[in-house]
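S.K.: Input: one structure, supplied below.
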Amino acid sequence: DNNLTGTIPATIGDLTNLETLYLWDNNLTGTIPATIGDLTNLETLYLWDNNLTGTIPATIGDLTNLETLDLNNNELTGAIPITIGNLTSLKHLILYSNQLSGTIPEALGNLTKLTVLELFFNKLSGAIPDTIGNLTNLRGLILGGNNLTGTIPETFGNLTNLETLHLGPNNLTGIIPETIGNLKKLASLILSKNQLTGEIPEAIGNLSRLEYLSLFENQLTGRIPKTIGNLTLLASLKLSYNQLRGVVPASLCNLPSLQI
């Protein structure tokens, strides 16, 4: 949180006893040096809100004690390295607002201690790997603002500690899986601006803690399920720009917290 400029020196890799490295909110440029992988005692790495370019070095996978990796709001490009799947102590993986491309590595499913996974506002493509369903400690999963395709994995129903699930905008297709109804701690579900089809599952009515439900700009059909009337904490309900039919269920009048 200064006005530091220039590059991160490769000699930073000589600080092998370092446990915490905070360089966030500066004007640093250039690449993340591969020697960062020599800091094997590192537990926290904050490089966010700079002007860093180039790729995330594969050597980052050597930081097996790392619990927090936050590189958001830079200009990083290239793929997320598969070696991040080696960081089995990781609890927070935050890479949003970069220009990362390629697919989400299946190896992220190895990071079973993760509580936060934020990859939004990049250029990621391809399908969401089923292995994300292994991350049963996740509280926040935010993948919107990419070019992801394919379906919402059924395995998301395993993420029973999830409080936030944001998957829009992307180019996801297929149905909203019934297993979404397993996510009883969910407070925010945003699937808007995709190409989802089929009906809104009645199981959404099981999400008793839900405050925000956004499904607008998809290709959803059928009726609005009456079970949405069970969501007594719901403050915002957005279903516009779909192909829904039938009547608005009277049960929506039972939503005392609804504002939008």
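By convention here, the chains of the structure tokens are called A, B, ... in the order presented, each chain's residues are numbered starting at 1, and ligands are numbered starting at 1 in the order presented.
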From the DSSP assignment of the backbone, select every residue of range 39-126 of chain A that is strand (DSSP E), and format the answer as a PDB file with N, CA and C atoms, in the first residue's frame.

M.R.:
ATOM      1  N   THR A  44       1.704 -16.892   3.316  1.00  0.00           N
ATOM      2  CA  THR A  44       0.815 -15.870   2.752  1.00  0.00           C
ATOM      3  C   THR A  44       1.555 -15.100   1.673  1.00  0.00           C
ATOM      4  N   LEU A  45       0.953 -14.998   0.479  1.00  0.00           N
ATOM      5  CA  LEU A  45       1.541 -14.255  -0.630  1.00  0.00           C
ATOM      6  C   LEU A  45       0.483 -13.322  -1.204  1.00  0.00           C
ATOM      7  N   TYR A  46       0.657 -12.021  -0.959  1.00  0.00           N
ATOM      8  CA  TYR A  46      -0.254 -10.989  -1.468  1.00  0.00           C
ATOM      9  C   TYR A  46       0.503 -10.139  -2.494  1.00  0.00           C
ATOM     10  N   THR A  68      -2.600 -18.762   1.699  1.00  0.00           N
ATOM     11  CA  THR A  68      -3.297 -17.710   0.959  1.00  0.00           C
ATOM     12  C   THR A  68      -2.452 -17.282  -0.233  1.00  0.00           C
ATOM     13  N   LEU A  69      -3.058 -17.342  -1.428  1.00  0.00           N
ATOM     14  CA  LEU A  69      -2.425 -16.854  -2.652  1.00  0.00           C
ATOM     15  C   LEU A  69      -3.391 -15.868  -3.299  1.00  0.00           C
ATOM     16  N   ASP A  70      -3.024 -14.591  -3.276  1.00  0.00           N
ATOM     17  CA  ASP A  70      -3.896 -13.539  -3.788  1.00  0.00           C
ATOM     18  C   ASP A  70      -3.132 -12.709  -4.813  1.00  0.00           C
ATOM     19  N   HIS A  92      -7.173 -20.018   0.573  1.00  0.00           N
ATOM     20  CA  HIS A  92      -7.712 -18.912  -0.220  1.00  0.00           C
ATOM     21  C   HIS A  92      -6.927 -18.831  -1.535  1.00  0.00           C
ATOM     22  N   LEU A  93      -7.630 -18.993  -2.654  1.00  0.00           N
ATOM     23  CA  LEU A  93      -7.025 -18.857  -3.978  1.00  0.00           C
ATOM     24  C   LEU A  93      -7.800 -17.775  -4.722  1.00  0.00           C
ATOM     25  N   ILE A  94      -7.163 -16.627  -4.899  1.00  0.00           N
ATOM     26  CA  ILE A  94      -7.847 -15.433  -5.397  1.00  0.00           C
ATOM     27  C   ILE A  94      -7.057 -14.902  -6.594  1.00  0.00           C
ATOM     28  N   VAL A 116     -12.130 -20.343  -0.134  1.00  0.00           N
ATOM     29  CA  VAL A 116     -12.459 -19.288  -1.095  1.00  0.00           C
ATOM     30  C   VAL A 116     -11.748 -19.584  -2.409  1.00  0.00           C
ATOM     31  N   LEU A 117     -12.512 -19.615  -3.514  1.00  0.00           N
ATOM     32  CA  LEU A 117     -11.955 -19.772  -4.861  1.00  0.00           C
ATOM     33  C   LEU A 117     -12.596 -18.704  -5.738  1.00  0.00           C
ATOM     34  N   GLU A 118     -11.816 -17.695  -6.106  1.00  0.00           N
ATOM     35  CA  GLU A 118     -12.316 -16.568  -6.877  1.00  0.00           C
ATOM     36  C   GLU A 118     -11.488 -16.425  -8.150  1.00  0.00           C
ATOM     37  N   SER A 125     -11.875 -20.513 -20.274  1.00  0.00           N
ATOM     38  CA  SER A 125     -12.816 -21.172 -21.176  1.00  0.00           C
ATOM     39  C   SER A 125     -12.910 -22.648 -20.815  1.00  0.00           C
ATOM     40  N   GLY A 126     -13.709 -23.390 -21.587  1.00  0.00           N
ATOM     41  CA  GLY A 126     -13.870 -24.817 -21.327  1.00  0.00           C
ATOM     42  C   GLY A 126     -14.840 -25.062 -20.193  1.00  0.00           C
TER      43      GLY A 126
END

S.K.: Quick one: contact table of range 147-181 of chain A to range 213-227 of chain A, 10 Å max, nearest atom pair and distance in Å to one decimal per residue, counting only C-alpha atoms, chain and number order, as a tab-separated table?

M.R.:
residue	atom	partner	partner_atom	distance
A:His166	CA	A:Ser214	CA	9.3
A:Gly168	CA	A:Leu215	CA	8.9
A:Pro169	CA	A:Glu217	CA	9.3
A:Asn171	CA	A:Asn218	CA	9.6
A:Leu172	CA	A:Asn218	CA	9.4
A:Thr173	CA	A:Asn218	CA	9.0
A:Gly174	CA	A:Gln219	CA	9.6
A:Ile175	CA	A:Leu220	CA	8.3
A:Ile176	CA	A:Leu220	CA	9.2

S.K.: May I have the residues within 12 Å of Ile142 in chain A as an MDAnalysis selection string, using only C-alpha atoms and disregarding those fewer than 4 positions away in the same chain?

M.R.: chainID A and resid 93:97 115:122 128 132 138 146 162:170 188:191

S.K.: Write out as a ChimeraX atom specification the set of residues from range 23-250 of chain A that DSSP, computed on the backbone, places in helix (DSSP H, G or I).

M.R.: /A:34-38,58-62,82-86,106-110,130-134,154-158,178-182,202-206,226-230,250

S.K.: I need the residues from that last selection saved to file as a CSV table (one decimal), in the first residue's frame (with N, CA and C atoms), if you can.

M.R.:
chain,number,residue,atom,x,y,z
A,34,ALA,N,10.3,-16.6,-11.2
A,34,ALA,CA,10.2,-18.0,-10.9
A,34,ALA,C,10.9,-18.4,-9.6
A,35,THR,N,11.8,-17.5,-9.1
A,35,THR,CA,12.5,-17.8,-7.8
A,35,THR,C,11.5,-17.7,-6.6
A,36,ILE,N,10.3,-17.2,-6.9
A,36,ILE,CA,9.3,-17.2,-5.8
A,36,ILE,C,9.1,-18.6,-5.2
A,37,GLY,N,9.3,-19.6,-6.1
A,37,GLY,CA,9.1,-21.0,-5.7
A,37,GLY,C,10.1,-21.4,-4.7
A,38,ASP,N,11.2,-20.7,-4.4
A,38,ASP,CA,12.2,-21.0,-3.4
A,38,ASP,C,11.8,-20.7,-2.0
A,58,ALA,N,5.2,-21.7,-12.9
A,58,ALA,CA,4.8,-23.1,-12.4
A,58,ALA,C,5.5,-23.4,-11.1
A,59,THR,N,6.6,-22.7,-10.7
A,59,THR,CA,7.3,-22.9,-9.5
A,59,THR,C,6.5,-22.5,-8.3
A,60,ILE,N,5.4,-21.9,-8.5
A,60,ILE,CA,4.5,-21.5,-7.3
A,60,ILE,C,4.0,-22.8,-6.7
A,61,GLY,N,4.0,-23.9,-7.4
A,61,GLY,CA,3.5,-25.1,-6.9
A,61,GLY,C,4.5,-25.7,-5.9
A,62,ASP,N,5.7,-25.1,-5.7
A,62,ASP,CA,6.6,-25.6,-4.7
A,62,ASP,C,6.3,-25.0,-3.3
A,82,ILE,N,-1.0,-26.0,-13.6
A,82,ILE,CA,-1.5,-27.2,-13.0
A,82,ILE,C,-0.8,-27.5,-11.6
A,83,THR,N,0.4,-26.9,-11.4
A,83,THR,CA,1.2,-27.1,-10.2
A,83,THR,C,0.5,-26.5,-9.0
A,84,ILE,N,-0.5,-25.6,-9.2
A,84,ILE,CA,-1.2,-25.1,-8.1
A,84,ILE,C,-1.9,-26.2,-7.3
A,85,GLY,N,-2.2,-27.2,-8.0
A,85,GLY,CA,-2.8,-28.4,-7.4
A,85,GLY,C,-2.0,-29.1,-6.3
A,86,ASN,N,-0.7,-28.7,-6.2
A,86,ASN,CA,0.2,-29.2,-5.2
A,86,ASN,C,0.0,-28.5,-3.9
A,106,GLU,N,-8.2,-29.4,-13.5
A,106,GLU,CA,-8.8,-30.4,-12.7
A,106,GLU,C,-8.1,-30.6,-11.4
A,107,ALA,N,-6.8,-30.3,-11.4
A,107,ALA,CA,-5.9,-30.4,-10.2
A,107,ALA,C,-6.4,-29.5,-9.0
A,108,LEU,N,-7.2,-28.5,-9.3
A,108,LEU,CA,-7.7,-27.7,-8.2
A,108,LEU,C,-8.6,-28.5,-7.3
A,109,GLY,N,-9.1,-29.6,-7.7
A,109,GLY,CA,-9.8,-30.5,-6.9
A,109,GLY,C,-9.0,-31.1,-5.8
A,110,ASN,N,-7.7,-31.0,-5.8
A,110,ASN,CA,-6.8,-31.5,-4.8
A,110,ASN,C,-6.8,-30.6,-3.5
A,130,ASP,N,-15.5,-31.4,-12.9
A,130,ASP,CA,-16.3,-32.0,-11.8
A,130,ASP,C,-15.5,-32.1,-10.5
A,131,THR,N,-14.2,-32.0,-10.5
A,131,THR,CA,-13.4,-32.1,-9.3
A,131,THR,C,-13.6,-31.0,-8.4
A,132,ILE,N,-14.1,-29.9,-8.8
A,132,ILE,CA,-14.4,-28.8,-7.9
A,132,ILE,C,-15.4,-29.3,-6.8
A,133,GLY,N,-16.2,-30.3,-7.1
A,133,GLY,CA,-17.1,-30.8,-6.1
A,133,GLY,C,-16.4,-31.5,-5.0
A,134,ASN,N,-15.0,-31.7,-5.1
A,134,ASN,CA,-14.3,-32.3,-3.9
A,134,ASN,C,-14.0,-31.2,-2.9
A,154,GLU,N,-23.0,-31.7,-11.5
A,154,GLU,CA,-23.8,-32.3,-10.5
A,154,GLU,C,-23.1,-32.3,-9.1
A,155,THR,N,-21.7,-32.5,-9.2
A,155,THR,CA,-20.9,-32.6,-8.0
A,155,THR,C,-21.0,-31.3,-7.1
A,156,PHE,N,-21.5,-30.2,-7.7
A,156,PHE,CA,-21.6,-29.0,-6.8
A,156,PHE,C,-22.5,-29.3,-5.7
A,157,GLY,N,-23.4,-30.3,-5.8
A,157,GLY,CA,-24.2,-30.6,-4.6
A,157,GLY,C,-23.5,-31.1,-3.4
A,158,ASN,N,-22.2,-31.4,-3.6
A,158,ASN,CA,-21.3,-31.8,-2.4
A,158,ASN,C,-20.9,-30.6,-1.6
A,178,GLU,N,-30.6,-30.5,-9.9
A,178,GLU,CA,-31.4,-30.6,-8.6
A,178,GLU,C,-30.5,-30.6,-7.4
A,179,THR,N,-29.2,-31.0,-7.6
A,179,THR,CA,-28.3,-31.1,-6.4
A,179,THR,C,-28.0,-29.7,-5.8
A,180,ILE,N,-28.3,-28.6,-6.6
A,180,ILE,CA,-28.2,-27.3,-6.0
A,180,ILE,C,-29.0,-27.2,-4.7
A,181,GLY,N,-30.1,-27.9,-4.6
A,181,GLY,CA,-30.9,-27.9,-3.4
A,181,GLY,C,-30.3,-28.4,-2.2
A,182,ASN,N,-29.1,-29.1,-2.3
A,182,ASN,CA,-28.3,-29.5,-1.1
A,182,ASN,C,-27.6,-28.4,-0.4
A,202,GLU,N,-37.5,-27.3,-8.4
A,202,GLU,CA,-38.2,-27.0,-7.2
A,202,GLU,C,-37.3,-27.1,-5.9
A,203,ALA,N,-36.2,-27.8,-6.1
A,203,ALA,CA,-35.3,-28.0,-4.9
A,203,ALA,C,-34.7,-26.7,-4.5
A,204,ILE,N,-34.7,-25.6,-5.3
A,204,ILE,CA,-34.3,-24.3,-4.9
A,204,ILE,C,-35.0,-23.8,-3.7
A,205,GLY,N,-36.2,-24.3,-3.5
A,205,GLY,CA,-37.0,-24.0,-2.3
A,205,GLY,C,-36.4,-24.5,-1.0
A,206,ASN,N,-35.4,-25.4,-1.1
A,206,ASN,CA,-34.7,-25.9,0.1
A,206,ASN,C,-33.7,-24.9,0.7
A,226,LYS,N,-43.4,-22.9,-7.1
A,226,LYS,CA,-44.1,-22.4,-5.9
A,226,LYS,C,-43.1,-22.4,-4.7
A,227,THR,N,-42.2,-23.3,-4.7
A,227,THR,CA,-41.3,-23.5,-3.6
A,227,THR,C,-40.4,-22.3,-3.3
A,228,ILE,N,-40.3,-21.4,-4.3
A,228,ILE,CA,-39.5,-20.1,-4.0
A,228,ILE,C,-40.2,-19.4,-2.9
A,229,GLY,N,-41.4,-19.6,-2.7
A,229,GLY,CA,-42.1,-18.9,-1.6
A,229,GLY,C,-41.7,-19.4,-0.2
A,230,ASN,N,-40.8,-20.4,-0.2
A,230,ASN,CA,-40.3,-20.9,1.1
A,230,ASN,C,-39.1,-20.1,1.5
A,250,ALA,N,-48.7,-17.4,-6.2
A,250,ALA,CA,-49.1,-16.6,-5.1
A,250,ALA,C,-48.2,-16.7,-3.9
